[in-house]
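Novice: Sending over a structure as structure tokens; questions will come in a sec.
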Amino acid sequence: MKDRQYSSEHAAFLKGVQRRKILIWTARLSLLAIIIGLWELFASLQIIDPFITSSPSRVVRTIAELYAGGNLFYHIGITLMETLTGFFIAVIAGYSVAVLLWMSDAARKVFEPYIVVLNALPKIALGPLIIIWIGTGYTAIIFMTVIVAIIVCIMNTLTGFLQVDNTMLTLMRSLGANKRQTLFKLVIPASVPQLMNTLKVAVGLAWIGSIMGEYIVSRAGLGYLIVYGGQVFKLDLVMTATIILCALAGAMYAVVAAIEKILSK
């Protein structure tokens, strides 16, 4: 029924696009299945040492043990709370700072070198200071997440603002628009694609920041499980927590990608 709305050529093109999507997803899932299958096979045949590399079956067993002990969703929930809180704070604060810097050319020229330097600073070096300043609770981990992600949010968002077509900016000025009107009616709508790219980058940085913080000060969370598992040589636990992290990060990225798809329409 829907094909009748298009020409036969357009309908054939749409079917080709749909087939391509199916093929891509089939290839992705097949590759994942092959990797998991080879991993399990090599571990069972002792081609690789399952004590060091673990195996899919051992990962599943570890997940079941964590669930039975009531620890699985507890640790996931702690890390997810820290990551999401830090992510939203970094994005909102970074976007706000970028707006202020765009509004004032003088402020942008003054602060831009400092922002660049802070972006280059290894954030892990601030770990001991964060412990002294804030303590060892969730607040310190969230703070680490924010400082890892916020500078990139500022720089990427500001870049999107500055890349708006000069012709359009000149047109807005010729129509008598002030700075605020230009921001809300032209600059922000035009920089939405850059904002979505910033969110995608911030997703990865937020996970890096939260796990980095948990490495330093946590008593719970997936990062804590990785550190604890490494200390007591429970490498199944290390691999399990790592795989769960990959799944959560992928799911969070997929949510951002879905939002981008909705906005692009």
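Chain labels follow the order of the structure tokens: the first chain is A, the next B, and so on; residue numbering restarts at 1 in every chain, and ligands are counted from 1 in their shown order.
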Find the residues around segment 113-127 of chain A up to 10 Å (only C-alpha atoms counted), leave out those fewer than 5 positions away in its own chain, and share them as a JSON list (two decimals) with N, CA and C atoms, in the first residue's frame.

Specialist:
```
[["chain", "number", "residue", "atom", "x", "y", "z"],
["A", 108, "ARG", "N", 35.48, 34.96, 25.19],
["A", 108, "ARG", "CA", 35.96, 33.77, 24.48],
["A", 108, "ARG", "C", 37.47, 33.85, 24.25],
["A", 132, "ILE", "N", 41.06, 14.75, 48.41],
["A", 132, "ILE", "CA", 41.28, 15.71, 49.50],
["A", 132, "ILE", "C", 40.19, 16.77, 49.53],
["A", 133, "TRP", "N", 39.81, 17.28, 48.35],
["A", 133, "TRP", "CA", 38.82, 18.36, 48.28],
["A", 133, "TRP", "C", 37.41, 17.88, 48.61],
["A", 140, "ALA", "N", 32.65, 12.60, 44.64],
["A", 140, "ALA", "CA", 33.97, 12.67, 44.04],
["A", 140, "ALA", "C", 33.98, 12.00, 42.66],
["A", 141, "ILE", "N", 33.28, 10.89, 42.54],
["A", 141, "ILE", "CA", 33.24, 10.18, 41.25],
["A", 141, "ILE", "C", 32.46, 10.99, 40.22],
["A", 144, "MET", "N", 34.64, 13.77, 39.04],
["A", 144, "MET", "CA", 35.61, 13.28, 38.06],
["A", 144, "MET", "C", 34.96, 13.12, 36.70],
["A", 145, "THR", "N", 33.75, 12.58, 36.67],
["A", 145, "THR", "CA", 33.03, 12.42, 35.41],
["A", 145, "THR", "C", 32.79, 13.76, 34.74],
["A", 147, "ILE", "N", 34.49, 16.66, 35.11],
["A", 147, "ILE", "CA", 35.69, 17.34, 34.61],
["A", 147, "ILE", "C", 36.29, 16.63, 33.40],
["A", 148, "VAL", "N", 36.03, 15.33, 33.26],
["A", 148, "VAL", "CA", 36.50, 14.62, 32.07],
["A", 148, "VAL", "C", 35.71, 15.04, 30.83],
["A", 149, "ALA", "N", 34.39, 15.25, 31.01],
["A", 149, "ALA", "CA", 33.52, 15.48, 29.85],
["A", 149, "ALA", "C", 33.24, 16.94, 29.55],
["A", 150, "ILE", "N", 33.30, 17.82, 30.54],
["A", 150, "ILE", "CA", 32.76, 19.17, 30.35],
["A", 150, "ILE", "C", 33.59, 19.99, 29.37],
["A", 151, "ILE", "N", 34.90, 19.86, 29.38],
["A", 151, "ILE", "CA", 35.73, 20.69, 28.50],
["A", 151, "ILE", "C", 35.46, 20.37, 27.04],
["A", 152, "VAL", "N", 35.34, 19.08, 26.74],
["A", 152, "VAL", "CA", 35.03, 18.68, 25.36],
["A", 152, "VAL", "C", 33.64, 19.18, 24.97],
["A", 154, "ILE", "N", 32.19, 21.88, 26.04],
["A", 154, "ILE", "CA", 32.33, 23.33, 25.77],
["A", 154, "ILE", "C", 32.95, 23.57, 24.41],
["A", 155, "MET", "N", 34.06, 22.90, 24.13],
["A", 155, "MET", "CA", 34.79, 23.14, 22.90],
["A", 155, "MET", "C", 33.99, 22.72, 21.66],
["A", 209, "GLY", "N", 35.09, 8.79, 32.74],
["A", 209, "GLY", "CA", 35.22, 9.53, 33.98],
["A", 209, "GLY", "C", 34.71, 8.77, 35.19],
["A", 212, "MET", "N", 36.99, 5.81, 35.90],
["A", 212, "MET", "CA", 38.24, 6.35, 36.43],
["A", 212, "MET", "C", 38.07, 6.75, 37.89],
["A", 213, "GLY", "N", 36.95, 7.38, 38.20],
["A", 213, "GLY", "CA", 36.67, 7.76, 39.58],
["A", 213, "GLY", "C", 36.51, 6.56, 40.48],
["A", 215, "TYR", "N", 37.87, 3.66, 40.05],
["A", 215, "TYR", "CA", 39.20, 3.07, 40.26],
["A", 215, "TYR", "C", 39.89, 3.70, 41.47],
["A", 216, "ILE", "N", 39.63, 5.00, 41.68],
["A", 216, "ILE", "CA", 40.37, 5.74, 42.70],
["A", 216, "ILE", "C", 39.71, 5.66, 44.07],
["A", 217, "VAL", "N", 38.38, 5.87, 44.12],
["A", 217, "VAL", "CA", 37.76, 6.09, 45.43],
["A", 217, "VAL", "C", 36.54, 5.22, 45.72]]
```

Novice: Name the residues in contact with segment 237-252 of chain A at a cut-off of 6 Å, using only C-alpha atoms, excluding same-chain residues fewer than 6 positions from it; report them as an MDAnalysis selection string.

Specialist: chainID A and resid 59 222 226 229

Novice: Go through A:Ile24, A:Leu45, A:Leu31, A:Ile211 and flag the residue nearest Tyr138 of chain A, using only C-alpha atoms for the distances.

Specialist: A:Ile211

Novice: Please determine, counting only C-alpha atoms, which residue among A:Ile47, A:Ile208, A:Ile142, A:Ala257 has the shortest atom-to-atom distance to Met81 of chain A.

Specialist: A:Ile142

Novice: Residues within 12 Å of segment 156-172 of chain A, please, as a VMD selection string. Count only C-alpha atoms; anything in the same chain fewer than 2 positions from it doesn't count.

Specialist: chain A and resid 90 to 105 108 112 115 to 116 119 149 to 154 174 to 202

Novice: Just checking: using only C-alpha atoms, which residue out of A:Val146, A:Leu235, A:Ile134, A:Leu14 ends up closest to Trp207 of chain A?

Specialist: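 With only C-alpha atoms as the atom set, the closest residue is A:Val146.
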
Novice: Calculated over only C-alpha atoms, which of the candidates A:Val232, A:Ala107, A:Ile36, A:Leu80 has the smallest distance to Val60 of chain A?

Specialist: A:Ile36

Novice: Given only C-alpha atoms as the basis, pick out the residue of A:Gly204, A:Lys109, A:Ser210, A:Ala220 nearest to Tyr253 of chain A.

Specialist: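 Between A:Gly204, A:Lys109, A:Ser210, A:Ala220, the residue approaching Tyr253 of chain A most closely is A:Gly204.
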
Novice: Looking only at alpha helix (DSSP H) from DSSP on the backbone, list the matching residues of segment 5-165 of chain A as a PDB file with C-alpha atoms, in the first residue's frame.

Specialist:
```pdb
ATOM      1  CA  SER A   8       8.338   2.206  -9.114  1.00  0.00           C
ATOM      2  CA  GLU A   9      11.937   3.460  -9.200  1.00  0.00           C
ATOM      3  CA  HIS A  10      11.589   5.158  -5.805  1.00  0.00           C
ATOM      4  CA  ALA A  11       9.932   2.068  -4.308  1.00  0.00           C
ATOM      5  CA  ALA A  12      12.790  -0.091  -5.610  1.00  0.00           C
ATOM      6  CA  PHE A  13      15.308   2.329  -4.098  1.00  0.00           C
ATOM      7  CA  LEU A  14      13.576   2.204  -0.699  1.00  0.00           C
ATOM      8  CA  LYS A  15      13.557  -1.600  -0.787  1.00  0.00           C
ATOM      9  CA  GLY A  16      17.261  -1.548  -1.578  1.00  0.00           C
ATOM     10  CA  VAL A  17      17.931   0.728   1.406  1.00  0.00           C
ATOM     11  CA  GLN A  18      15.924  -1.599   3.654  1.00  0.00           C
ATOM     12  CA  ARG A  19      17.789  -4.656   2.376  1.00  0.00           C
ATOM     13  CA  ARG A  20      21.099  -2.907   3.004  1.00  0.00           C
ATOM     14  CA  LYS A  21      20.099  -2.168   6.618  1.00  0.00           C
ATOM     15  CA  ILE A  22      19.129  -5.813   7.132  1.00  0.00           C
ATOM     16  CA  LEU A  23      22.436  -6.997   5.657  1.00  0.00           C
ATOM     17  CA  ILE A  24      24.427  -4.636   7.872  1.00  0.00           C
ATOM     18  CA  TRP A  25      22.642  -5.779  11.034  1.00  0.00           C
ATOM     19  CA  THR A  26      23.022  -9.416   9.987  1.00  0.00           C
ATOM     20  CA  ALA A  27      26.754  -8.885   9.457  1.00  0.00           C
ATOM     21  CA  ARG A  28      27.086  -7.152  12.832  1.00  0.00           C
ATOM     22  CA  LEU A  29      25.301  -9.909  14.733  1.00  0.00           C
ATOM     23  CA  SER A  30      27.124 -12.623  12.812  1.00  0.00           C
ATOM     24  CA  LEU A  31      30.493 -11.070  13.625  1.00  0.00           C
ATOM     25  CA  LEU A  32      29.552 -10.869  17.307  1.00  0.00           C
ATOM     26  CA  ALA A  33      28.434 -14.507  17.285  1.00  0.00           C
ATOM     27  CA  ILE A  34      31.690 -15.579  15.608  1.00  0.00           C
ATOM     28  CA  ILE A  35      33.808 -13.694  18.165  1.00  0.00           C
ATOM     29  CA  ILE A  36      31.883 -15.202  21.094  1.00  0.00           C
ATOM     30  CA  GLY A  37      31.982 -18.679  19.545  1.00  0.00           C
ATOM     31  CA  LEU A  38      35.735 -18.568  18.871  1.00  0.00           C
ATOM     32  CA  TRP A  39      36.383 -17.169  22.332  1.00  0.00           C
ATOM     33  CA  GLU A  40      34.470 -20.053  23.941  1.00  0.00           C
ATOM     34  CA  LEU A  41      36.068 -22.638  21.628  1.00  0.00           C
ATOM     35  CA  PHE A  42      39.633 -21.464  22.191  1.00  0.00           C
ATOM     36  CA  ALA A  43      39.081 -21.337  25.958  1.00  0.00           C
ATOM     37  CA  SER A  44      37.578 -24.835  26.072  1.00  0.00           C
ATOM     38  CA  PRO A  50      40.569 -19.312  30.466  1.00  0.00           C
ATOM     39  CA  PHE A  51      41.928 -18.256  33.852  1.00  0.00           C
ATOM     40  CA  ILE A  52      43.424 -15.153  32.215  1.00  0.00           C
ATOM     41  CA  THR A  53      40.960 -14.504  29.386  1.00  0.00           C
ATOM     42  CA  PRO A  56      31.557 -16.577  27.591  1.00  0.00           C
ATOM     43  CA  SER A  57      30.278 -19.483  29.698  1.00  0.00           C
ATOM     44  CA  ARG A  58      32.295 -18.322  32.708  1.00  0.00           C
ATOM     45  CA  VAL A  59      31.043 -14.765  32.192  1.00  0.00           C
ATOM     46  CA  VAL A  60      27.444 -15.997  32.152  1.00  0.00           C
ATOM     47  CA  ARG A  61      28.086 -18.005  35.309  1.00  0.00           C
ATOM     48  CA  THR A  62      29.609 -14.962  37.027  1.00  0.00           C
ATOM     49  CA  ILE A  63      26.612 -12.828  36.057  1.00  0.00           C
ATOM     50  CA  ALA A  64      24.306 -15.487  37.520  1.00  0.00           C
ATOM     51  CA  GLU A  65      26.333 -15.536  40.746  1.00  0.00           C
ATOM     52  CA  LEU A  66      26.203 -11.732  41.038  1.00  0.00           C
ATOM     53  CA  TYR A  67      22.462 -11.797  40.427  1.00  0.00           C
ATOM     54  CA  ALA A  68      21.883 -14.578  42.954  1.00  0.00           C
ATOM     55  CA  LEU A  72      24.461  -7.368  39.979  1.00  0.00           C
ATOM     56  CA  PHE A  73      21.919  -4.573  39.734  1.00  0.00           C
ATOM     57  CA  TYR A  74      23.333  -2.855  42.806  1.00  0.00           C
ATOM     58  CA  HIS A  75      26.718  -2.317  41.194  1.00  0.00           C
ATOM     59  CA  ILE A  76      25.176  -1.520  37.801  1.00  0.00           C
ATOM     60  CA  GLY A  77      22.843   0.997  39.420  1.00  0.00           C
ATOM     61  CA  ILE A  78      25.691   2.757  41.263  1.00  0.00           C
ATOM     62  CA  THR A  79      27.805   3.173  38.127  1.00  0.00           C
ATOM     63  CA  LEU A  80      24.800   4.144  36.004  1.00  0.00           C
ATOM     64  CA  MET A  81      23.766   6.802  38.530  1.00  0.00           C
ATOM     65  CA  GLU A  82      27.261   8.287  38.643  1.00  0.00           C
ATOM     66  CA  THR A  83      27.643   8.248  34.869  1.00  0.00           C
ATOM     67  CA  LEU A  84      24.244   9.728  34.030  1.00  0.00           C
ATOM     68  CA  THR A  85      24.524  12.419  36.700  1.00  0.00           C
ATOM     69  CA  GLY A  86      27.972  13.445  35.525  1.00  0.00           C
ATOM     70  CA  PHE A  87      26.877  13.273  31.884  1.00  0.00           C
ATOM     71  CA  PHE A  88      23.909  15.592  32.331  1.00  0.00           C
ATOM     72  CA  ILE A  89      25.838  18.047  34.490  1.00  0.00           C
ATOM     73  CA  ALA A  90      28.709  18.156  31.975  1.00  0.00           C
ATOM     74  CA  VAL A  91      26.409  18.606  28.965  1.00  0.00           C
ATOM     75  CA  ILE A  92      24.201  21.265  30.546  1.00  0.00           C
ATOM     76  CA  ALA A  93      27.079  23.195  32.111  1.00  0.00           C
ATOM     77  CA  GLY A  94      29.229  22.855  28.991  1.00  0.00           C
ATOM     78  CA  TYR A  95      26.420  24.058  26.733  1.00  0.00           C
ATOM     79  CA  SER A  96      25.740  27.024  29.028  1.00  0.00           C
ATOM     80  CA  VAL A  97      29.398  28.039  29.099  1.00  0.00           C
ATOM     81  CA  ALA A  98      29.593  27.741  25.302  1.00  0.00           C
ATOM     82  CA  VAL A  99      26.574  30.045  24.970  1.00  0.00           C
ATOM     83  CA  LEU A 100      28.188  32.630  27.247  1.00  0.00           C
ATOM     84  CA  LEU A 101      31.467  32.469  25.339  1.00  0.00           C
ATOM     85  CA  TRP A 102      29.638  32.884  22.023  1.00  0.00           C
ATOM     86  CA  MET A 103      27.743  35.879  23.377  1.00  0.00           C
ATOM     87  CA  ASP A 105      33.906  37.603  21.879  1.00  0.00           C
ATOM     88  CA  ALA A 106      36.166  39.190  24.499  1.00  0.00           C
ATOM     89  CA  ALA A 107      35.385  36.492  27.069  1.00  0.00           C
ATOM     90  CA  ARG A 108      35.960  33.773  24.479  1.00  0.00           C
ATOM     91  CA  LYS A 109      39.385  35.149  23.563  1.00  0.00           C
ATOM     92  CA  VAL A 110      40.349  35.434  27.234  1.00  0.00           C
ATOM     93  CA  PHE A 111      39.218  31.971  28.349  1.00  0.00           C
ATOM     94  CA  GLU A 112      39.890  29.904  25.222  1.00  0.00           C
ATOM     95  CA  PRO A 113      43.606  29.238  25.972  1.00  0.00           C
ATOM     96  CA  TYR A 114      42.743  28.093  29.486  1.00  0.00           C
ATOM     97  CA  ILE A 115      40.055  25.757  28.168  1.00  0.00           C
ATOM     98  CA  VAL A 116      42.535  24.229  25.734  1.00  0.00           C
ATOM     99  CA  VAL A 117      45.081  23.692  28.519  1.00  0.00           C
ATOM    100  CA  LEU A 118      42.479  22.116  30.810  1.00  0.00           C
ATOM    101  CA  ASN A 119      41.434  19.784  27.999  1.00  0.00           C
ATOM    102  CA  ALA A 120      45.046  18.625  27.585  1.00  0.00           C
ATOM    103  CA  GLY A 127      42.523  12.128  41.539  1.00  0.00           C
ATOM    104  CA  PRO A 128      44.423  12.686  44.813  1.00  0.00           C
ATOM    105  CA  LEU A 129      43.319  16.322  44.900  1.00  0.00           C
ATOM    106  CA  ILE A 130      39.691  15.345  44.333  1.00  0.00           C
ATOM    107  CA  ILE A 131      39.873  12.940  47.279  1.00  0.00           C
ATOM    108  CA  ILE A 132      41.284  15.712  49.501  1.00  0.00           C
ATOM    109  CA  TRP A 133      38.825  18.357  48.277  1.00  0.00           C
ATOM    110  CA  ILE A 134      35.607  16.323  48.099  1.00  0.00           C
ATOM    111  CA  TYR A 138      29.793   9.346  45.085  1.00  0.00           C
ATOM    112  CA  THR A 139      30.266  13.108  44.796  1.00  0.00           C
ATOM    113  CA  ALA A 140      33.970  12.675  44.036  1.00  0.00           C
ATOM    114  CA  ILE A 141      33.236  10.177  41.253  1.00  0.00           C
ATOM    115  CA  ILE A 142      30.571  12.412  39.735  1.00  0.00           C
ATOM    116  CA  PHE A 143      32.986  15.344  39.906  1.00  0.00           C
ATOM    117  CA  MET A 144      35.609  13.284  38.064  1.00  0.00           C
ATOM    118  CA  THR A 145      33.032  12.417  35.408  1.00  0.00           C
ATOM    119  CA  VAL A 146      32.131  16.075  34.971  1.00  0.00           C
ATOM    120  CA  ILE A 147      35.694  17.340  34.610  1.00  0.00           C
ATOM    121  CA  VAL A 148      36.500  14.622  32.067  1.00  0.00           C
ATOM    122  CA  ALA A 149      33.518  15.477  29.853  1.00  0.00           C
ATOM    123  CA  ILE A 150      32.763  19.166  30.345  1.00  0.00           C
ATOM    124  CA  ILE A 151      35.735  20.689  28.504  1.00  0.00           C
ATOM    125  CA  VAL A 152      35.028  18.682  25.362  1.00  0.00           C
ATOM    126  CA  CYS A 153      31.351  19.659  25.611  1.00  0.00           C
ATOM    127  CA  ILE A 154      32.329  23.334  25.772  1.00  0.00           C
ATOM    128  CA  MET A 155      34.793  23.143  22.896  1.00  0.00           C
ATOM    129  CA  ASN A 156      32.599  21.075  20.550  1.00  0.00           C
ATOM    130  CA  THR A 157      29.478  23.136  21.215  1.00  0.00           C
ATOM    131  CA  LEU A 158      31.328  26.422  20.779  1.00  0.00           C
ATOM    132  CA  THR A 159      32.814  25.137  17.529  1.00  0.00           C
ATOM    133  CA  GLY A 160      29.306  24.402  16.287  1.00  0.00           C
ATOM    134  CA  PHE A 161      28.197  27.921  17.192  1.00  0.00           C
ATOM    135  CA  LEU A 162      31.166  29.500  15.415  1.00  0.00           C
TER     136      LEU A 162
END
```

Novice: Kindly give the distance, in Å, that separates atom CA of Val255 of chain A and atom CA of Leu225 of chain A, rounded to a single decimal.

Specialist: 25.6 Å

Novice: Tell me, in Å to one decimal, how far atom CA of Glu214 of chain A is from atom CA of Tyr228 of chain A.

Specialist: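 Atom-to-atom, atom CA of Glu214 of chain A and atom CA of Tyr228 of chain A are spaced 10.9 Å apart.
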